[in-house]
$ cat data-v5.json   # JSON, C-alpha atoms
[["chain", "number", "residue", "atom", "x", "y", "z"],
["A", 79, "MET", "CA", -19.16, 5.27, 7.82],
["A", 80, "ASN", "CA", -16.45, 6.13, 10.35],
["A", 81, "ILE", "CA", -12.82, 5.08, 10.84],
["A", 82, "ASP", "CA", -12.46, 4.41, 14.58],
["A", 83, "SER", "CA", -8.79, 3.45, 14.84],
["A", 84, "ILE", "CA", -5.76, 2.57, 12.74],
["A", 85, "LYS", "CA", -2.71, 0.60, 13.85],
["A", 86, "PHE", "CA", 0.34, -0.05, 11.68],
["A", 87, "THR", "CA", 1.24, -3.74, 11.92],
["A", 88, "ASP", "CA", 4.59, -3.78, 10.07],
["A", 89, "PRO", "CA", 7.35, -1.27, 9.41],
["A", 90, "PRO", "CA", 7.56, 0.32, 5.94],
["A", 91, "VAL", "CA", 9.14, -1.90, 3.26],
["A", 92, "HIS", "CA", 10.94, -0.45, 0.23],
["A", 93, "HIS", "CA", 10.30, -2.43, -2.99],
["A", 94, "GLN", "CA", 13.01, -1.85, -5.61],
["A", 95, "PHE", "CA", 12.55, -2.69, -9.31],
["A", 96, "PRO", "CA", 15.34, -2.79, -11.94],
["A", 97, "PRO", "CA", 15.81, 0.37, -14.02],
["A", 98, "LEU", "CA", 14.61, -1.61, -17.06],
["A", 99, "TYR", "CA", 11.09, -1.55, -15.58],
["A", 100, "GLU", "CA", 11.23, 1.90, -13.99],
["A", 101, "ASN", "CA", 11.32, 3.67, -17.34],
["A", 102, "LEU", "CA", 8.22, 1.95, -18.72],
["A", 103, "GLY", "CA", 5.91, 4.41, -16.94],
["A", 104, "LEU", "CA", 3.83, 1.65, -15.31],
["A", 105, "PRO", "CA", 3.17, 2.10, -11.57],
["A", 106, "GLU", "CA", 2.75, -1.67, -11.03],
["A", 107, "VAL", "CA", 6.43, -2.24, -11.92],
["A", 108, "SER", "CA", 7.80, 0.94, -10.33],
["A", 109, "SER", "CA", 9.64, 1.14, -7.02],
["A", 110, "PHE", "CA", 7.42, 1.85, -4.02],
["A", 111, "VAL", "CA", 7.31, 1.94, -0.23],
["A", 112, "GLU", "CA", 4.52, -0.05, 1.42],
["A", 113, "GLN", "CA", 3.25, -0.42, 4.96],
["A", 114, "LYS", "CA", 0.50, -2.67, 6.31],
["A", 115, "TYR", "CA", -2.10, -1.61, 8.85],
["A", 116, "GLU", "CA", -5.21, -2.77, 10.65],
["A", 117, "PHE", "CA", -8.26, -0.55, 11.03],
["A", 118, "ASP", "CA", -11.52, -0.55, 12.95],
["A", 119, "PHE", "CA", -14.49, 1.13, 11.36],
["A", 120, "THR", "CA", -18.19, 1.57, 11.97],
["A", 121, "VAL", "CA", -20.90, 1.23, 9.36],
["A", 122, "GLY", "CA", -24.28, 2.17, 10.80],
["A", 123, "LYS", "CA", -24.31, 0.44, 14.19],
["A", 124, "THR", "CA", -21.91, -2.34, 13.16],
["A", 125, "LYS", "CA", -18.23, -2.23, 14.19],
["A", 126, "ARG", "CA", -15.83, -4.10, 11.94],
["A", 127, "THR", "CA", -12.10, -4.69, 11.54],
["A", 128, "GLY", "CA", -10.20, -4.66, 8.27],
["A", 129, "HIS", "CA", -6.65, -5.00, 7.00],
["A", 130, "GLY", "CA", -4.94, -3.00, 4.32],
["A", 131, "SER", "CA", -1.77, -1.38, 3.10],
["A", 132, "ILE", "CA", -0.68, 1.97, 1.77],
["A", 133, "ARG", "CA", 1.85, 2.48, -0.99],
["A", 134, "MET", "CA", 3.86, 5.46, -2.12],
["A", 135, "TYR", "CA", 5.24, 5.18, -5.64],
["A", 136, "LYS", "CA", 8.64, 6.87, -5.44],
["A", 137, "GLN", "CA", 8.97, 8.03, -9.04],
["A", 138, "TYR", "CA", 5.47, 9.52, -9.23],
["A", 139, "GLY", "CA", 4.96, 10.70, -5.63],
["A", 140, "GLU", "CA", 1.51, 9.06, -5.70],
["A", 141, "PHE", "CA", -0.18, 7.24, -2.84],
["A", 142, "LYS", "CA", -2.53, 4.26, -3.07],
["A", 143, "VAL", "CA", -4.59, 2.59, -0.34],
["A", 144, "MET", "CA", -5.46, -1.08, -0.72],
["A", 145, "ILE", "CA", -7.81, -3.22, 1.35],
["A", 146, "SER", "CA", -6.56, -6.80, 1.77],
["A", 147, "GLU", "CA", -9.82, -8.71, 1.99],
["A", 148, "LYS", "CA", -13.28, -8.51, 0.49],
["A", 149, "LEU", "CA", -15.75, -6.67, 2.70],
["A", 150, "THR", "CA", -19.25, -8.09, 2.57],
["A", 151, "GLY", "CA", -21.91, -5.53, 1.77],
["A", 152, "PHE", "CA", -19.41, -3.17, 0.10],
["A", 153, "GLY", "CA", -19.94, -2.33, -3.55],
["A", 154, "PRO", "CA", -17.62, -0.15, -5.64],
["A", 155, "LYS", "CA", -19.03, 3.16, -4.34],
["A", 156, "ARG", "CA", -18.80, 2.25, -0.64],
["A", 157, "LEU", "CA", -15.35, 0.76, -1.15],
["A", 158, "GLU", "CA", -14.19, 3.96, -2.85],
["A", 159, "LYS", "CA", -15.52, 6.03, 0.07],
["A", 160, "LEU", "CA", -13.79, 3.75, 2.61],
["A", 161, "GLU", "CA", -10.49, 3.97, 0.70],
["A", 162, "SER", "CA", -10.82, 7.76, 0.63],
["A", 163, "LEU", "CA", -11.40, 7.89, 4.41],
["A", 164, "LEU", "CA", -8.45, 5.57, 5.00],
["A", 165, "MET", "CA", -6.19, 7.72, 2.82],
["A", 166, "GLU", "CA", -7.02, 10.78, 4.95],
["A", 167, "GLU", "CA", -6.28, 8.89, 8.17],
["A", 168, "VAL", "CA", -3.22, 6.84, 7.16],
["A", 169, "LYS", "CA", -1.17, 9.06, 4.83],
["A", 170, "GLU", "CA", 0.33, 11.38, 7.45],
["A", 171, "GLY", "CA", 1.31, 8.55, 9.81],
["A", 172, "PHE", "CA", 2.81, 6.60, 6.92],
["A", 173, "ILE", "CA", 5.00, 9.51, 5.82],
["A", 174, "SER", "CA", 6.07, 10.02, 9.43],
["A", 175, "ASN", "CA", 6.98, 6.31, 9.72],
["A", 176, "ILE", "CA", 9.10, 6.50, 6.56],
["A", 177, "ASN", "CA", 10.93, 9.58, 7.81],
["A", 178, "SER", "CA", 11.61, 8.11, 11.26],
["A", 179, "GLU", "CA", 12.91, 4.75, 10.01],
["A", 180, "THR", "CA", 16.26, 3.79, 11.45],
["A", 181, "LYS", "CA", 16.75, 0.52, 9.56],
["A", 182, "THR", "CA", 15.34, 0.37, 6.02],
["A", 183, "ARG", "CA", 13.79, -2.95, 4.99],
["A", 184, "LYS", "CA", 14.15, -3.57, 1.25],
["A", 185, "VAL", "CA", 12.77, -6.12, -1.21],
["A", 186, "TYR", "CA", 14.44, -6.37, -4.62],
["A", 187, "HIS", "CA", 12.42, -7.39, -7.66],
["A", 188, "LEU", "CA", 14.69, -8.79, -10.37],
["A", 189, "HIS", "CA", 14.41, -9.54, -14.06],
["A", 190, "PHE", "CA", 14.55, -13.28, -14.83],
["A", 191, "GLY", "CA", 14.35, -13.11, -18.59],
["A", 192, "ARG", "CA", 15.61, -15.86, -20.88],
["A", 193, "LYS", "CA", 18.99, -15.61, -22.50],
["A", 194, "GLU", "CA", 19.03, -15.55, -26.30],
["A", 195, "GLY", "CA", 19.16, -19.04, -27.80],
["A", 196, "GLU", "CA", 17.21, -20.79, -25.00]]

$ encode --input "data-v5.json" --output "structure tokens"
Amino acid sequence: MNIDSIKFTDPPVHHQFPPLYENLGLPEVSSFVEQKYEFDFTVGKTKRTGHGSIRMYKQYGEFKVMISEKLTGFGPKRLEKLESLLMEEVKEGFISNINSETKTRKVYHLHFGRKEGE
């Protein structure tokens, strides 16, 4: 398996969560920066294209690569190997994109809880 090329399709987007959620210690409700990309890869003699995104969780300094669609013929082991290869290829460019941003795009996630008595 080989990653042939990677192209970022969108600028990085900063996702902000309220402090109420930040202190729960759960990455899925913690602020993060995300950027989408497209990649070409070769498996055996077959060339394929995939789409994914990379996230950096601000509070933890952790990175996570996600693949947007199901890839036929990929079980958990092959998918893990592909994600590992993508992380090696995408991480540096992603960090560089964050650092060179001139206009930050932000998405705010809010708490829409019920008021007492409703």

$ axis_aligned_box --input "data-v5.json" --around "segment 93-103 of chain A" --padding-each-side "8 Å" --output "lines of an AutoDock Vina configuration file"
center_x = 10.9
center_y = 0.8
center_z = -10.9
size_x = 25.9
size_y = 23.2
size_z = 31.7

$ closest_residue --input "data-v5.json" --among "A:Leu157, A:His187, A:Gln94, A:Pro89" --to "Ser174 of chain A" --atoms "all atoms listed in the file"
A:Pro89

$ closest_residue --input "data-v5.json" --among "A:Lys159, A:Lys125, A:Arg183, A:His92" --to "Val111 of chain A" --atoms "all atoms listed in the file"
A:His92

$ residues_around --input "data-v5.json" --residues "Met144 of chain A" --least-positions-apart "4" --cutoff "7 Å" --atoms "all atoms listed in the file" --output "mmCIF file with C-alpha atoms, in the coordinates of the input"
data_model
loop_
_atom_site.group_PDB
_atom_site.id
_atom_site.type_symbol
_atom_site.label_atom_id
_atom_site.label_comp_id
_atom_site.auth_asym_id
_atom_site.auth_seq_id
_atom_site.Cartn_x
_atom_site.Cartn_y
_atom_site.Cartn_z
ATOM 1 C CA GLY A 130 -4.940 -3.000 4.320
ATOM 2 C CA SER A 131 -1.770 -1.380 3.100
ATOM 3 C CA ILE A 132 -0.680 1.970 1.770
#

$ residues_near_point --input "data-v5.json" --point "(5.5, 7.5, 0.6)" --cutoff "7 Å" --atoms "all atoms listed in the file" --output "mmCIF file with C-alpha atoms, keeping the file's coordinate frame"
data_model
loop_
_atom_site.group_PDB
_atom_site.id
_atom_site.type_symbol
_atom_site.label_atom_id
_atom_site.label_comp_id
_atom_site.auth_asym_id
_atom_site.auth_seq_id
_atom_site.Cartn_x
_atom_site.Cartn_y
_atom_site.Cartn_z
ATOM 1 C CA VAL A 111 7.310 1.940 -0.230
ATOM 2 C CA ARG A 133 1.850 2.480 -0.990
ATOM 3 C CA MET A 134 3.860 5.460 -2.120
ATOM 4 C CA TYR A 135 5.240 5.180 -5.640
ATOM 5 C CA LYS A 136 8.640 6.870 -5.440
ATOM 6 C CA PHE A 141 -0.180 7.240 -2.840
ATOM 7 C CA PHE A 172 2.810 6.600 6.920
ATOM 8 C CA ILE A 173 5.000 9.510 5.820
#

$ closest_residue --input "data-v5.json" --among "A:Pro97, A:Arg126, A:Lys142, A:Pro154" --to "Glu112 of chain A" --atoms "only C-alpha atoms"
A:Lys142

$ atom_distance --input "data-v5.json" --atom1 "atom CA of Glu100 of chain A" --atom2 "atom CA of Gln137 of chain A"
8.2 Å

$ closest_residue --input "data-v5.json" --among "A:Thr127, A:Glu106, A:Lys155, A:Val91" --to "Lys181 of chain A" --atoms "all atoms listed in the file"
A:Val91

$ closest_residue --input "data-v5.json" --among "A:Ile84, A:Ile176, A:Leu163, A:Leu188" --to "Phe117 of chain A" --atoms "only C-alpha atoms"
A:Ile84

$ closest_residue --input "data-v5.json" --among "A:Asn101, A:Ser178, A:Ser108, A:Asn80" --to "Val121 of chain A" --atoms "only C-alpha atoms"
A:Asn80

$ residues_around --input "data-v5.json" --residues "Asn175 of chain A" --least-positions-apart "3" --cutoff "10 Å" --atoms "only C-alpha atoms" --output "list in words"
Phe86, Pro89, Pro90, Gln113, Lys169, Glu170, Gly171, Phe172, Ser178, Glu179 and Thr180 of chain A

$ atom_distance --input "data-v5.json" --atom1 "atom CA of Val143 of chain A" --atom2 "atom CA of Leu160 of chain A"
9.7 Å

$ atom_distance --input "data-v5.json" --atom1 "atom CA of Glu167 of chain A" --atom2 "atom CA of Leu149 of chain A"
19.0 Å

$ build_atoms --input "data-v5.json" --residues "segment 101-127 of chain A" --atoms "N, CA and C atoms" --output "PDB file, in the coordinates of the input"
ATOM      1  N   ASN A 101      11.519   2.714 -16.241  1.00  0.00           N
ATOM      2  CA  ASN A 101      11.320   3.670 -17.340  1.00  0.00           C
ATOM      3  C   ASN A 101      10.159   3.323 -18.255  1.00  0.00           C
ATOM      4  N   LEU A 102       9.374   2.310 -17.908  1.00  0.00           N
ATOM      5  CA  LEU A 102       8.220   1.950 -18.720  1.00  0.00           C
ATOM      6  C   LEU A 102       7.011   2.838 -18.438  1.00  0.00           C
ATOM      7  N   GLY A 103       7.027   3.544 -17.296  1.00  0.00           N
ATOM      8  CA  GLY A 103       5.910   4.410 -16.940  1.00  0.00           C
ATOM      9  C   GLY A 103       4.718   3.674 -16.362  1.00  0.00           C
ATOM     10  N   LEU A 104       4.913   2.455 -15.885  1.00  0.00           N
ATOM     11  CA  LEU A 104       3.830   1.650 -15.310  1.00  0.00           C
ATOM     12  C   LEU A 104       3.998   1.588 -13.795  1.00  0.00           C
ATOM     13  N   PRO A 105       3.037   2.118 -13.032  1.00  0.00           N
ATOM     14  CA  PRO A 105       3.170   2.100 -11.570  1.00  0.00           C
ATOM     15  C   PRO A 105       3.317   0.703 -10.982  1.00  0.00           C
ATOM     16  N   GLU A 106       2.684  -0.321 -11.599  1.00  0.00           N
ATOM     17  CA  GLU A 106       2.750  -1.670 -11.030  1.00  0.00           C
ATOM     18  C   GLU A 106       4.143  -2.293 -11.086  1.00  0.00           C
ATOM     19  N   VAL A 107       5.043  -1.757 -11.907  1.00  0.00           N
ATOM     20  CA  VAL A 107       6.430  -2.240 -11.920  1.00  0.00           C
ATOM     21  C   VAL A 107       7.396  -1.092 -11.622  1.00  0.00           C
ATOM     22  N   SER A 108       6.972  -0.175 -10.760  1.00  0.00           N
ATOM     23  CA  SER A 108       7.800   0.940 -10.330  1.00  0.00           C
ATOM     24  C   SER A 108       8.097   0.779  -8.843  1.00  0.00           C
ATOM     25  N   SER A 109       9.247   1.245  -8.422  1.00  0.00           N
ATOM     26  CA  SER A 109       9.640   1.140  -7.020  1.00  0.00           C
ATOM     27  C   SER A 109       8.645   1.857  -6.120  1.00  0.00           C
ATOM     28  N   PHE A 110       8.376   1.256  -4.958  1.00  0.00           N
ATOM     29  CA  PHE A 110       7.420   1.850  -4.020  1.00  0.00           C
ATOM     30  C   PHE A 110       7.778   1.482  -2.595  1.00  0.00           C
ATOM     31  N   VAL A 111       7.204   2.233  -1.659  1.00  0.00           N
ATOM     32  CA  VAL A 111       7.310   1.940  -0.230  1.00  0.00           C
ATOM     33  C   VAL A 111       5.915   1.538   0.219  1.00  0.00           C
ATOM     34  N   GLU A 112       5.813   0.452   0.992  1.00  0.00           N
ATOM     35  CA  GLU A 112       4.520  -0.050   1.420  1.00  0.00           C
ATOM     36  C   GLU A 112       4.537  -0.344   2.912  1.00  0.00           C
ATOM     37  N   GLN A 113       3.407  -0.087   3.548  1.00  0.00           N
ATOM     38  CA  GLN A 113       3.250  -0.420   4.960  1.00  0.00           C
ATOM     39  C   GLN A 113       1.855  -0.964   5.200  1.00  0.00           C
ATOM     40  N   LYS A 114       1.788  -2.036   6.004  1.00  0.00           N
ATOM     41  CA  LYS A 114       0.500  -2.670   6.310  1.00  0.00           C
ATOM     42  C   LYS A 114      -0.076  -2.095   7.596  1.00  0.00           C
ATOM     43  N   TYR A 115      -1.406  -2.123   7.670  1.00  0.00           N
ATOM     44  CA  TYR A 115      -2.100  -1.610   8.850  1.00  0.00           C
ATOM     45  C   TYR A 115      -3.389  -2.376   9.087  1.00  0.00           C
ATOM     46  N   GLU A 116      -3.928  -2.201  10.273  1.00  0.00           N
ATOM     47  CA  GLU A 116      -5.210  -2.770  10.650  1.00  0.00           C
ATOM     48  C   GLU A 116      -6.100  -1.600  11.047  1.00  0.00           C
ATOM     49  N   PHE A 117      -7.372  -1.662  10.697  1.00  0.00           N
ATOM     50  CA  PHE A 117      -8.260  -0.550  11.030  1.00  0.00           C
ATOM     51  C   PHE A 117      -9.599  -1.055  11.530  1.00  0.00           C
ATOM     52  N   ASP A 118     -10.169  -0.294  12.449  1.00  0.00           N
ATOM     53  CA  ASP A 118     -11.520  -0.550  12.950  1.00  0.00           C
ATOM     54  C   ASP A 118     -12.411   0.540  12.382  1.00  0.00           C
ATOM     55  N   PHE A 119     -13.575   0.144  11.916  1.00  0.00           N
ATOM     56  CA  PHE A 119     -14.490   1.130  11.360  1.00  0.00           C
ATOM     57  C   PHE A 119     -15.924   0.758  11.713  1.00  0.00           C
ATOM     58  N   THR A 120     -16.784   1.754  11.653  1.00  0.00           N
ATOM     59  CA  THR A 120     -18.190   1.570  11.970  1.00  0.00           C
ATOM     60  C   THR A 120     -19.022   1.906  10.742  1.00  0.00           C
ATOM     61  N   VAL A 121     -19.942   1.007  10.435  1.00  0.00           N
ATOM     62  CA  VAL A 121     -20.900   1.230   9.360  1.00  0.00           C
ATOM     63  C   VAL A 121     -22.267   1.091  10.001  1.00  0.00           C
ATOM     64  N   GLY A 122     -22.995   2.191  10.080  1.00  0.00           N
ATOM     65  CA  GLY A 122     -24.280   2.170  10.800  1.00  0.00           C
ATOM     66  C   GLY A 122     -24.010   1.908  12.266  1.00  0.00           C
ATOM     67  N   LYS A 123     -24.548   0.810  12.795  1.00  0.00           N
ATOM     68  CA  LYS A 123     -24.310   0.440  14.190  1.00  0.00           C
ATOM     69  C   LYS A 123     -23.323  -0.709  14.316  1.00  0.00           C
ATOM     70  N   THR A 124     -22.802  -1.178  13.177  1.00  0.00           N
ATOM     71  CA  THR A 124     -21.910  -2.340  13.160  1.00  0.00           C
ATOM     72  C   THR A 124     -20.446  -1.913  13.184  1.00  0.00           C
ATOM     73  N   LYS A 125     -19.682  -2.464  14.144  1.00  0.00           N
ATOM     74  CA  LYS A 125     -18.230  -2.230  14.190  1.00  0.00           C
ATOM     75  C   LYS A 125     -17.545  -3.394  13.506  1.00  0.00           C
ATOM     76  N   ARG A 126     -16.559  -3.074  12.676  1.00  0.00           N
ATOM     77  CA  ARG A 126     -15.830  -4.100  11.940  1.00  0.00           C
ATOM     78  C   ARG A 126     -14.337  -3.803  11.955  1.00  0.00           C
ATOM     79  N   THR A 127     -13.551  -4.835  11.639  1.00  0.00           N
ATOM     80  CA  THR A 127     -12.100  -4.690  11.540  1.00  0.00           C
ATOM     81  C   THR A 127     -11.674  -5.088  10.136  1.00  0.00           C
TER      82      THR A 127
END
